[in-house]
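A.B. asks: Would you mind keeping the following structure in view while I ask a few things?
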Amino acid sequence: MTASTTYRQLKANPYRPWPARITSIVDLTEKEKLIEMRLIDEAAREAFSFDAGQFVEVSLFGVGEAPISISSAPSKQGFIELCVRRAGDVTSALHQKQCGDIIGIRGPFGRGFPFPEMKGHDVLLVAGGLGIAPLKSLINHIHDDRHDFGNVTILYGAKNPSEILFRQQFDMWKHREDFELIMTVDQPDETWDDEVGLVTKLFDRIDVDPARTYGAICGPPVMYRYVIDEMRKKEMDADRIYVSFERRMKCGIGKCGHCGVGHQYACIDGPVFNYWEAMNLQEAI
Amino acid sequence: MFFRVMDKARIADLVRGLSTEYEVIGPVAKGERFTFSVIEDPADLRLDFDTTILPPKKFFFPPEERMMRFRVADNEVVDDEAFASPRVLFGLHPCDINALLLMDNVFLGEFEDPYYKAYRDATLLVGVSCSPRETCFCNAWDTDEVHWGFDIFLTDLGDRYFVSVRSVMGAELLDRHVETSPITAEDTAEFQAVVREFKRAFPAKLDTSQLPLLLDAKFDDPVWDELGERCLSCGACSMVCPTCYCFDVRDDLDPDQRSGERKRVWDSCQFSEFSAVAHGQTFRESRASRVKYRYYHKQWGYLSKFERVLCVGCGRCTHACLADISPREVVTALVEGSEAR
């Protein structure tokens with residue numbers, strides 16, 4: 001970042017990426033890395049606050065931009081952690097970056113999970129695959145204010161044991177009394193001694209008090225309908241079940257049109273919607 | 001608002017006068033059709049034009065536009081200045097002025113777009129009255145009239161113009177460059193007669209009863225499959241639309257690969273990859289779903305945010321469509337049922 005770039009300049013143009021320095025890279029699996037970064041401009045850093053479920057646009061000049069949801073807790077001021085799967089041009093280029101490299105960040109954008117409303121309730125989180133990334137932000141946030149919540153249950157399904165993300169953290173959580181975590185895989189290997197099958201199967205193992213439970217779901221598009229069905233069978237209210245949608249949020253600010261879902265835009269109206277809203281979005285689920 | 005009358009022969013004085021201070025852009029003939037171009041000679045201005053091939057959005061949201069220059073090594077922006085020189089768009093029909101007001105909601109609302117804003121701030125608008133052609137349906141959305149958003153509006157009274165002046169700048173320029181006179185009661189009466197005749201000249205008014213609701217209630221109507229069969233996904237409807245604002249963003253590297261430009265280009269929801277996410281899934285694979293989405297967004301998505309439909313009834317998409325799909329046909333099929341077409 002040049003000395004001439006001012007916070008005013010950054011603020012004046014919502015398309016202008018804010019320079020950020022990569023502070024840590026952790027290889028999670030063959031396809032996913034956990035990349036932590038810090039905005040370089042001090043004023044930008046102080047201004048950057050977000051809700052769990054919001055996303056940023058990662059900007060690599062010469063390659064392009066990609067929307068990625070933030071996986072760190074909002075309480076970790078000044079740092080932004082992204083769980084990046086190598087899938088397209090931008091994420092592939094991002095995987096080539098080293099600690100200390102400068103990348104661009106725009107955001108945070110969109111509407112996240114309704115954390116204040118969730119307080120005082122039980123929370124049931126259901127993740128499939130990479131969907132655990134935005135939910136991790138919420139889980140960490142709940143962890144920070146743990147005494148404000150009732151039972152917190154996490155159901156997490158992955159394709160196979162080697163694709164399970166944040167395993168260390170999960171092992172830690174598993175030993176804690178304050179989170180109930182149940183994992184399942186589609187394709188077990190010899191190391192696996194836990195559940196096998198789809199994440200919906202895990203609903204048999206949990207008790208839900210529908211009057212006091214919020215749901216949060218994130219995973220591949222095909223998963224939503226089945227998980228919502230399970231939550232509805234447990235008599236949870238439609239407007240207390242929250243889902244996060246992956247769409248092509250290109251500009252992040254409700255202009256370019258690529259993330260249209262039903263009559264709304266995922267980038268400014270979502271990506272987190274409650275199920276009642278989602279039911280009213282054509283072709284969403 | 002105040003009003004003047006201006007002799008038609010004076011229009012050249014006005015254009016010449018404006019040209020001393022601004023770049024003047026207006027409708028000129030291009031083959032048998034018309035296009036908005038820079039007016040070098042006032043005689044080229046064709047205020048009797050029916051419509052232009054492309055709408056004036058190209059002057060505020062160009063088909064390809066530089067957003068910023070960048071340096072690759074440190075991922076830094078070198079220049080993102082938005083620049084526009086002063087100009088007058090001369091000869092916009094009410095539909096096109098209303099279209100700009102609809103675009104303003106998107107680009108000048110939350111997360112103000114600095115590029116669009118620079119062009120908008122640098123441009124004065126002079127409107128002119130029109131007569132409806134068979135493809136016009138602006139009266140269905142009340143965009144056949146315009147009440148704000150222009151600096152000057154000229155209503156054709158045959159030998160003279162009834163001049164509505166909306167802005168201080170419009171008043172000053174009129175005063176500075178052309179001779180006009182105060183309106184009389186006869187001028188106003190004639191203005192009203194012209195407006196009445198204009199309203200009568202439209203083809204049958206499009207029935208839009210409960211359209212937003214019907215888009216949901218008839219979401220699975222076979223009409224969309226029929227339209228999907230015919231649509232060629234060429235995106236021409238979006239390109240000629242004065243209110244389609246979707247864009248794609250591209251990074252173009254200089255030959256030395258060290259620096260380059262981030263650009264935006266017009267895009268269309270009719271293209272199959274429009275909604276594609278990183279691992280290749282697209283959310284509207286069928287043509288039917290894409291044709292439907294364009295209407296769904298214009299008549300309901302945009303409406304749900306801004307309380308207006310995202311269409312001004314200019315008829316350009318009807319002319320551009322190679323498969324003869326027109327909003328009149330689509331809306332009628334939905335409101336009155338397929339058999340009514």
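Following the order of the structure tokens, first chain is A, next is B, and so on, with residues numbered from 1 inside each chain and ligands from 1 in the order they appear.
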Which residues, written as a ChimeraX atom specification, have at least one atom at most 10 Å from A:Ile22, with only C-alpha atoms counted and residues fewer than 6 positions away on the same chain left out?
C.D. replies: /A:35-40,79-81,97-103
A.B. asks: Please, could you write that set of residues out with N, CA, C and O atoms as a CSV table (one decimal), in the first residue's frame?
C.D. replies:
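The file below, part23.csv, is the result:
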```csv
chain,number,residue,atom,x,y,z
A,35,ILE,N,-6.9,-19.0,5.7
A,35,ILE,CA,-6.0,-17.9,5.4
A,35,ILE,C,-6.5,-16.7,6.3
A,35,ILE,O,-7.7,-16.3,6.3
A,36,GLU,N,-5.6,-16.2,7.1
A,36,GLU,CA,-5.9,-15.1,8.0
A,36,GLU,C,-5.2,-13.8,7.5
A,36,GLU,O,-4.1,-13.9,7.0
A,37,MET,N,-5.9,-12.7,7.5
A,37,MET,CA,-5.3,-11.5,7.0
A,37,MET,C,-5.7,-10.3,7.9
A,37,MET,O,-6.6,-10.4,8.7
A,38,ARG,N,-5.0,-9.2,7.7
A,38,ARG,CA,-5.2,-8.0,8.5
A,38,ARG,C,-5.2,-6.8,7.5
A,38,ARG,O,-4.2,-6.7,6.7
A,39,LEU,N,-6.2,-6.0,7.6
A,39,LEU,CA,-6.2,-4.8,6.8
A,39,LEU,C,-5.0,-3.9,7.1
A,39,LEU,O,-4.7,-3.8,8.3
A,40,ILE,N,-4.4,-3.3,6.1
A,40,ILE,CA,-3.2,-2.5,6.4
A,40,ILE,C,-3.5,-1.2,6.9
A,40,ILE,O,-2.9,-0.7,7.9
A,79,PHE,N,-8.6,-8.8,12.5
A,79,PHE,CA,-8.2,-10.0,11.7
A,79,PHE,C,-9.4,-10.6,11.0
A,79,PHE,O,-10.5,-10.6,11.5
A,80,ILE,N,-9.2,-11.0,9.7
A,80,ILE,CA,-10.2,-11.7,9.0
A,80,ILE,C,-9.7,-13.0,8.6
A,80,ILE,O,-8.6,-13.1,8.0
A,81,GLU,N,-10.5,-14.1,8.9
A,81,GLU,CA,-10.0,-15.4,8.6
A,81,GLU,C,-11.0,-16.0,7.6
A,81,GLU,O,-12.2,-15.9,7.7
A,97,LYS,N,-0.6,-17.9,-2.7
A,97,LYS,CA,-0.1,-16.8,-1.9
A,97,LYS,C,0.7,-17.3,-0.7
A,97,LYS,O,0.4,-18.3,-0.2
A,98,GLN,N,1.6,-16.4,-0.3
A,98,GLN,CA,2.4,-16.7,0.9
A,98,GLN,C,2.1,-15.7,2.0
A,98,GLN,O,1.5,-14.7,1.8
A,99,CYS,N,2.5,-16.1,3.2
A,99,CYS,CA,2.4,-15.2,4.4
A,99,CYS,C,3.1,-13.9,4.0
A,99,CYS,O,4.2,-13.9,3.5
A,100,GLY,N,2.5,-12.8,4.4
A,100,GLY,CA,3.2,-11.5,4.1
A,100,GLY,C,2.7,-10.9,2.8
A,100,GLY,O,2.9,-9.7,2.5
A,101,ASP,N,2.2,-11.7,1.9
A,101,ASP,CA,1.7,-11.1,0.6
A,101,ASP,C,0.5,-10.2,0.8
A,101,ASP,O,-0.3,-10.4,1.8
A,102,ILE,N,0.3,-9.3,-0.1
A,102,ILE,CA,-0.8,-8.3,0.0
A,102,ILE,C,-1.9,-8.7,-1.0
A,102,ILE,O,-1.7,-9.0,-2.1
A,103,ILE,N,-3.1,-8.8,-0.5
A,103,ILE,CA,-4.3,-9.0,-1.3
A,103,ILE,C,-5.3,-7.9,-1.1
A,103,ILE,O,-5.1,-7.1,-0.2
```
A.B. asks: At a cut-off of 9 Å, which residues of chain B touch chain A? Count only C-alpha atoms and give the answer as a compact mmCIF listing (two decimals) with N, CA, C and O atoms, in the first residue's frame.
C.D. replies:
```txt
# COMPACT_ATOMS: atom_id res chain seq x y z
N MET B 67 -12.78 0.75 -14.59
CA MET B 67 -13.10 1.10 -13.21
C MET B 67 -11.84 1.60 -12.51
O MET B 67 -11.86 2.58 -11.81
N MET B 68 -10.75 0.85 -12.68
CA MET B 68 -9.51 1.28 -12.04
C MET B 68 -8.31 0.68 -12.75
O MET B 68 -8.41 -0.36 -13.39
N PHE B 70 -4.53 -0.86 -12.07
CA PHE B 70 -3.90 -1.53 -10.92
C PHE B 70 -2.48 -1.97 -11.23
O PHE B 70 -2.08 -2.05 -12.38
N ARG B 71 -1.77 -2.24 -10.12
CA ARG B 71 -0.42 -2.78 -10.20
C ARG B 71 -0.50 -4.18 -9.60
O ARG B 71 -1.09 -4.35 -8.54
N VAL B 72 0.05 -5.17 -10.29
CA VAL B 72 -0.09 -6.55 -9.83
C VAL B 72 0.77 -6.83 -8.61
O VAL B 72 0.32 -7.45 -7.65
N ALA B 73 2.04 -6.36 -8.62
CA ALA B 73 3.02 -6.77 -7.61
C ALA B 73 2.52 -6.59 -6.18
O ALA B 73 2.60 -7.50 -5.36
N ASP B 74 1.97 -5.42 -5.88
CA ASP B 74 1.49 -5.18 -4.51
C ASP B 74 -0.02 -5.08 -4.45
O ASP B 74 -0.58 -4.59 -3.48
N ASN B 75 -0.68 -5.55 -5.53
CA ASN B 75 -2.14 -5.58 -5.58
C ASN B 75 -2.75 -4.21 -5.26
O ASN B 75 -3.73 -4.09 -4.55
N GLU B 76 -2.14 -3.15 -5.80
CA GLU B 76 -2.54 -1.80 -5.44
C GLU B 76 -3.25 -1.09 -6.59
O GLU B 76 -2.94 -1.30 -7.77
N VAL B 77 -4.22 -0.26 -6.20
CA VAL B 77 -4.92 0.58 -7.18
C VAL B 77 -4.04 1.78 -7.52
O VAL B 77 -3.52 2.45 -6.62
N ASP B 80 -8.34 5.27 -9.66
CA ASP B 80 -9.74 4.87 -9.79
C ASP B 80 -10.64 6.09 -9.94
O ASP B 80 -11.81 6.06 -9.61
N VAL B 106 -30.62 2.30 -8.38
CA VAL B 106 -29.62 1.25 -8.19
C VAL B 106 -28.23 1.85 -7.97
O VAL B 106 -27.53 1.49 -7.02
N PHE B 107 -27.85 2.77 -8.85
CA PHE B 107 -26.46 3.25 -8.82
C PHE B 107 -26.21 4.40 -7.84
O PHE B 107 -25.08 4.63 -7.44
N GLU B 110 -27.89 3.10 -1.93
CA GLU B 110 -26.88 2.57 -1.03
C GLU B 110 -25.67 2.10 -1.85
O GLU B 110 -25.83 1.60 -2.95
N PHE B 111 -24.47 2.27 -1.35
CA PHE B 111 -23.22 1.96 -2.07
C PHE B 111 -23.18 2.72 -3.39
O PHE B 111 -23.19 2.13 -4.47
N GLU B 112 -23.16 4.04 -3.29
CA GLU B 112 -23.17 4.89 -4.49
C GLU B 112 -22.04 4.53 -5.45
O GLU B 112 -20.89 4.35 -5.05
N ASP B 113 -22.40 4.42 -6.72
CA ASP B 113 -21.45 4.04 -7.76
C ASP B 113 -20.76 5.30 -8.28
O ASP B 113 -21.40 6.14 -8.92
N PRO B 114 -19.45 5.46 -8.02
CA PRO B 114 -18.80 6.73 -8.35
C PRO B 114 -18.70 6.99 -9.85
O PRO B 114 -18.66 8.15 -10.27
N TYR B 115 -18.67 5.94 -10.65
CA TYR B 115 -18.51 6.12 -12.10
C TYR B 115 -19.82 6.64 -12.70
O TYR B 115 -19.84 7.61 -13.45
N ASP B 216 -45.72 -14.89 -9.42
CA ASP B 216 -45.54 -15.99 -8.46
C ASP B 216 -46.60 -17.06 -8.65
O ASP B 216 -46.31 -18.25 -8.70
N PHE B 219 -45.94 -19.14 -11.67
CA PHE B 219 -44.50 -19.36 -11.85
C PHE B 219 -44.22 -20.58 -12.72
O PHE B 219 -43.25 -20.61 -13.47
N TYR B 245 -29.23 -3.16 -16.02
CA TYR B 245 -27.98 -2.61 -15.50
C TYR B 245 -26.94 -3.66 -15.12
O TYR B 245 -25.90 -3.33 -14.58
N CYS B 246 -27.22 -4.93 -15.37
CA CYS B 246 -26.29 -5.97 -14.93
C CYS B 246 -24.94 -5.86 -15.66
O CYS B 246 -24.90 -5.52 -16.83
N PHE B 247 -23.89 -6.15 -14.93
CA PHE B 247 -22.56 -6.08 -15.56
C PHE B 247 -21.66 -7.19 -15.05
O PHE B 247 -21.88 -7.77 -13.99
N ASP B 248 -20.63 -7.46 -15.86
CA ASP B 248 -19.58 -8.39 -15.47
C ASP B 248 -18.32 -7.56 -15.25
O ASP B 248 -18.21 -6.45 -15.78
N VAL B 249 -17.39 -8.08 -14.46
CA VAL B 249 -16.14 -7.36 -14.20
C VAL B 249 -14.99 -8.22 -14.69
O VAL B 249 -14.95 -9.42 -14.45
N ARG B 250 -14.06 -7.58 -15.41
CA ARG B 250 -12.91 -8.31 -15.99
C ARG B 250 -11.62 -7.56 -15.68
O ARG B 250 -11.60 -6.34 -15.69
N ASP B 251 -10.56 -8.30 -15.46
CA ASP B 251 -9.24 -7.69 -15.32
C ASP B 251 -8.48 -7.90 -16.62
O ASP B 251 -8.28 -9.05 -17.04
N ASP B 252 -8.06 -6.82 -17.26
CA ASP B 252 -7.25 -6.92 -18.47
C ASP B 252 -5.83 -6.51 -18.15
O ASP B 252 -5.59 -5.37 -17.72
N LEU B 253 -4.88 -7.42 -18.34
CA LEU B 253 -3.48 -7.11 -18.06
C LEU B 253 -2.83 -6.41 -19.24
O LEU B 253 -3.14 -6.70 -20.40
N GLN B 257 2.30 -7.51 -18.23
CA GLN B 257 1.73 -8.34 -17.17
C GLN B 257 1.90 -7.78 -15.76
O GLN B 257 1.64 -8.45 -14.79
N ARG B 258 2.41 -6.54 -15.67
CA ARG B 258 2.68 -5.98 -14.34
C ARG B 258 1.57 -5.07 -13.87
O ARG B 258 1.42 -4.79 -12.69
N SER B 259 0.83 -4.56 -14.82
CA SER B 259 -0.25 -3.66 -14.47
C SER B 259 -1.41 -3.93 -15.42
O SER B 259 -1.27 -4.73 -16.37
N GLY B 260 -2.50 -3.28 -15.19
CA GLY B 260 -3.65 -3.52 -16.06
C GLY B 260 -4.84 -2.72 -15.61
O GLY B 260 -4.72 -1.79 -14.80
N GLU B 261 -5.98 -3.07 -16.17
CA GLU B 261 -7.21 -2.34 -15.88
C GLU B 261 -8.30 -3.30 -15.45
O GLU B 261 -8.46 -4.37 -16.04
N ARG B 262 -9.04 -2.90 -14.44
CA ARG B 262 -10.27 -3.63 -14.08
C ARG B 262 -11.41 -2.91 -14.81
O ARG B 262 -11.58 -1.71 -14.67
N ASP B 267 -23.64 -7.13 -19.10
CA ASP B 267 -23.88 -8.57 -19.04
C ASP B 267 -25.38 -8.80 -19.13
O ASP B 267 -26.17 -7.86 -19.08
N SER B 268 -25.79 -10.04 -19.26
CA SER B 268 -27.21 -10.34 -19.36
C SER B 268 -27.57 -11.61 -18.61
O SER B 268 -26.86 -12.62 -18.71
N CYS B 269 -28.69 -11.57 -17.92
CA CYS B 269 -29.19 -12.75 -17.20
C CYS B 269 -29.67 -13.82 -18.17
O CYS B 269 -30.04 -14.92 -17.76
N PHE B 274 -24.36 -16.78 -16.44
CA PHE B 274 -24.59 -15.58 -15.63
C PHE B 274 -24.65 -15.86 -14.13
O PHE B 274 -24.10 -15.14 -13.33
N SER B 275 -25.33 -16.96 -13.77
CA SER B 275 -25.51 -17.25 -12.34
C SER B 275 -24.53 -18.28 -11.82
O SER B 275 -24.63 -18.73 -10.68
N ALA B 276 -23.54 -18.68 -12.66
CA ALA B 276 -22.65 -19.78 -12.27
C ALA B 276 -21.78 -19.43 -11.07
O ALA B 276 -21.25 -18.33 -10.99
N VAL B 277 -21.65 -20.38 -10.14
CA VAL B 277 -20.74 -20.20 -9.01
C VAL B 277 -19.46 -21.01 -9.28
O VAL B 277 -19.38 -21.74 -10.27
N ALA B 278 -18.48 -20.87 -8.38
CA ALA B 278 -17.12 -21.34 -8.65
C ALA B 278 -17.02 -22.77 -9.17
O ALA B 278 -16.32 -23.03 -10.14
N HIS B 279 -17.73 -23.71 -8.54
CA HIS B 279 -17.56 -25.09 -9.00
C HIS B 279 -18.47 -25.45 -10.16
O HIS B 279 -18.69 -26.61 -10.46
N GLY B 280 -19.05 -24.42 -10.81
CA GLY B 280 -19.73 -24.64 -12.08
C GLY B 280 -21.24 -24.74 -12.02
O GLY B 280 -21.89 -24.69 -13.05
N THR B 282 -24.90 -23.71 -12.10
CA THR B 282 -25.66 -22.53 -12.45
C THR B 282 -27.07 -22.71 -11.91
O THR B 282 -27.56 -23.84 -11.79
N PHE B 283 -27.70 -21.61 -11.54
CA PHE B 283 -29.00 -21.70 -10.89
C PHE B 283 -30.17 -21.55 -11.85
O PHE B 283 -31.31 -21.75 -11.48
N ARG B 284 -29.87 -21.14 -13.09
CA ARG B 284 -30.92 -21.07 -14.10
C ARG B 284 -30.38 -21.69 -15.39
O ARG B 284 -29.90 -20.99 -16.28
N TYR B 293 -36.81 -15.24 -15.52
CA TYR B 293 -36.12 -14.43 -14.51
C TYR B 293 -36.06 -12.95 -14.92
O TYR B 293 -36.23 -12.06 -14.09
N TYR B 296 -39.36 -11.64 -14.17
CA TYR B 296 -39.60 -11.73 -12.73
C TYR B 296 -38.86 -10.62 -11.99
O TYR B 296 -39.41 -9.98 -11.10
N HIS B 297 -37.62 -10.39 -12.40
CA HIS B 297 -36.86 -9.33 -11.73
C HIS B 297 -37.41 -7.95 -12.07
O HIS B 297 -37.57 -7.10 -11.20
N TRP B 300 -41.13 -7.69 -10.60
CA TRP B 300 -41.37 -7.98 -9.18
C TRP B 300 -40.14 -7.72 -8.31
O TRP B 300 -40.21 -7.05 -7.29
N GLY B 301 -38.98 -8.24 -8.70
CA GLY B 301 -37.77 -8.07 -7.89
C GLY B 301 -37.46 -6.60 -7.64
O GLY B 301 -37.34 -6.16 -6.49
N TYR B 302 -37.36 -5.86 -8.71
CA TYR B 302 -37.06 -4.43 -8.58
C TYR B 302 -38.20 -3.70 -7.88
O TYR B 302 -37.99 -2.88 -6.99
N LEU B 303 -39.41 -4.05 -8.25
CA LEU B 303 -40.60 -3.44 -7.64
C LEU B 303 -40.61 -3.63 -6.12
O LEU B 303 -41.00 -2.72 -5.37
N SER B 304 -40.19 -4.82 -5.67
CA SER B 304 -40.24 -5.10 -4.24
C SER B 304 -39.31 -4.17 -3.46
O SER B 304 -39.49 -3.96 -2.27
N LYS B 305 -38.32 -3.60 -4.13
CA LYS B 305 -37.39 -2.67 -3.47
C LYS B 305 -37.76 -1.22 -3.70
O LYS B 305 -37.67 -0.40 -2.79
```
A.B. asks: So which residues touch stretch 181-186 of chain A within 9 Å, counting only C-alpha atoms, skipping near sequence neighbours fewer than 6 positions away, as a PyMOL selection string?
C.D. replies: chain A and resi 152-161+164+170+173-174+192+194-199+201-202+205
A.B. asks: Using DSSP on the backbone coordinates, identify all residues within stretch 26-201 of chain A classified as strand (DSSP E or B); present the result as a PyMOL selection string.
C.D. replies: chain A and resi 26-27+32-39+55-60+64-70+79-85+102-109+111+122-128+152-158+180-185+195-196
A.B. asks: Please return, as an NGL selection string, all residues of stretch 19-265 of chain A that DSSP assigns to helix (DSSP H, G or I) on the basis of the backbone.
C.D. replies: :A and (42-47 or 89-95 or 115-118 or 129-144 or 146-148 or 161-163 or 167-174 or 199-205 or 210-212 or 221-233 or 238-240)
A.B. asks: Please report the interatomic distance between atom CA of B:Ile11 and atom CA of B:Glu145 in Å with one decimal.
C.D. replies: 22.2 Å
A.B. asks: Record the distance separating atom CA of B:Cys234 and atom CA of B:Cys321, expressed in Å with one decimal.
C.D. replies: 8.6 Å
A.B. asks: For B:Arg176, please output as an mmCIF file with N, CA and C atoms, in the first residue's frame all residues within 12 Å (counting only C-alpha atoms; exclusion window: fewer than 3 positions along the same chain).
C.D. replies:
```cif
data_model
loop_
_atom_site.group_PDB
_atom_site.id
_atom_site.type_symbol
_atom_site.label_atom_id
_atom_site.label_comp_id
_atom_site.auth_asym_id
_atom_site.auth_seq_id
_atom_site.Cartn_x
_atom_site.Cartn_y
_atom_site.Cartn_z
ATOM 1 N N ASP B 13 -30.412 27.683 -32.703
ATOM 2 C CA ASP B 13 -29.735 28.661 -31.826
ATOM 3 C C ASP B 13 -29.396 28.015 -30.483
ATOM 4 N N LEU B 14 -30.370 27.307 -29.965
ATOM 5 C CA LEU B 14 -30.185 26.688 -28.654
ATOM 6 C C LEU B 14 -29.053 25.648 -28.694
ATOM 7 N N VAL B 15 -29.076 24.792 -29.718
ATOM 8 C CA VAL B 15 -28.053 23.745 -29.827
ATOM 9 C C VAL B 15 -26.680 24.379 -30.031
ATOM 10 N N ARG B 16 -26.610 25.397 -30.904
ATOM 11 C CA ARG B 16 -25.336 26.075 -31.159
ATOM 12 C C ARG B 16 -24.825 26.729 -29.874
ATOM 13 N N GLY B 17 -25.734 27.369 -29.160
ATOM 14 C CA GLY B 17 -25.353 28.030 -27.913
ATOM 15 C C GLY B 17 -24.851 27.035 -26.877
ATOM 16 N N LEU B 18 -25.575 25.941 -26.717
ATOM 17 C CA LEU B 18 -25.165 24.916 -25.747
ATOM 18 C C LEU B 18 -23.800 24.331 -26.120
ATOM 19 N N THR B 20 -21.281 25.758 -27.204
ATOM 20 C CA THR B 20 -20.143 26.576 -26.783
ATOM 21 C C THR B 20 -19.705 26.211 -25.362
ATOM 22 N N GLU B 21 -20.587 25.599 -24.604
ATOM 23 C CA GLU B 21 -20.257 25.275 -23.214
ATOM 24 C C GLU B 21 -20.192 23.767 -22.957
ATOM 25 N N MET B 169 -30.182 25.496 -13.793
ATOM 26 C CA MET B 169 -29.248 25.423 -14.919
ATOM 27 C C MET B 169 -30.006 25.497 -16.241
ATOM 28 N N GLY B 170 -31.127 24.788 -16.309
ATOM 29 C CA GLY B 170 -31.945 24.817 -17.517
ATOM 30 C C GLY B 170 -32.441 26.224 -17.801
ATOM 31 N N ALA B 171 -32.877 26.906 -16.760
ATOM 32 C CA ALA B 171 -33.394 28.266 -16.915
ATOM 33 C C ALA B 171 -32.301 29.207 -17.409
ATOM 34 N N GLU B 172 -31.124 29.082 -16.817
ATOM 35 C CA GLU B 172 -30.017 29.967 -17.195
ATOM 36 C C GLU B 172 -29.598 29.735 -18.637
ATOM 37 N N LEU B 173 -29.489 28.483 -19.029
ATOM 38 C CA LEU B 173 -29.038 28.175 -20.383
ATOM 39 C C LEU B 173 -30.051 28.648 -21.412
ATOM 40 N N GLU B 179 -33.987 32.836 -27.801
ATOM 41 C CA GLU B 179 -35.086 33.765 -27.569
ATOM 42 C C GLU B 179 -36.376 32.962 -27.337
ATOM 43 N N THR B 180 -37.036 33.236 -26.238
ATOM 44 C CA THR B 180 -38.306 32.564 -25.944
ATOM 45 C C THR B 180 -39.304 33.621 -25.480
#
```
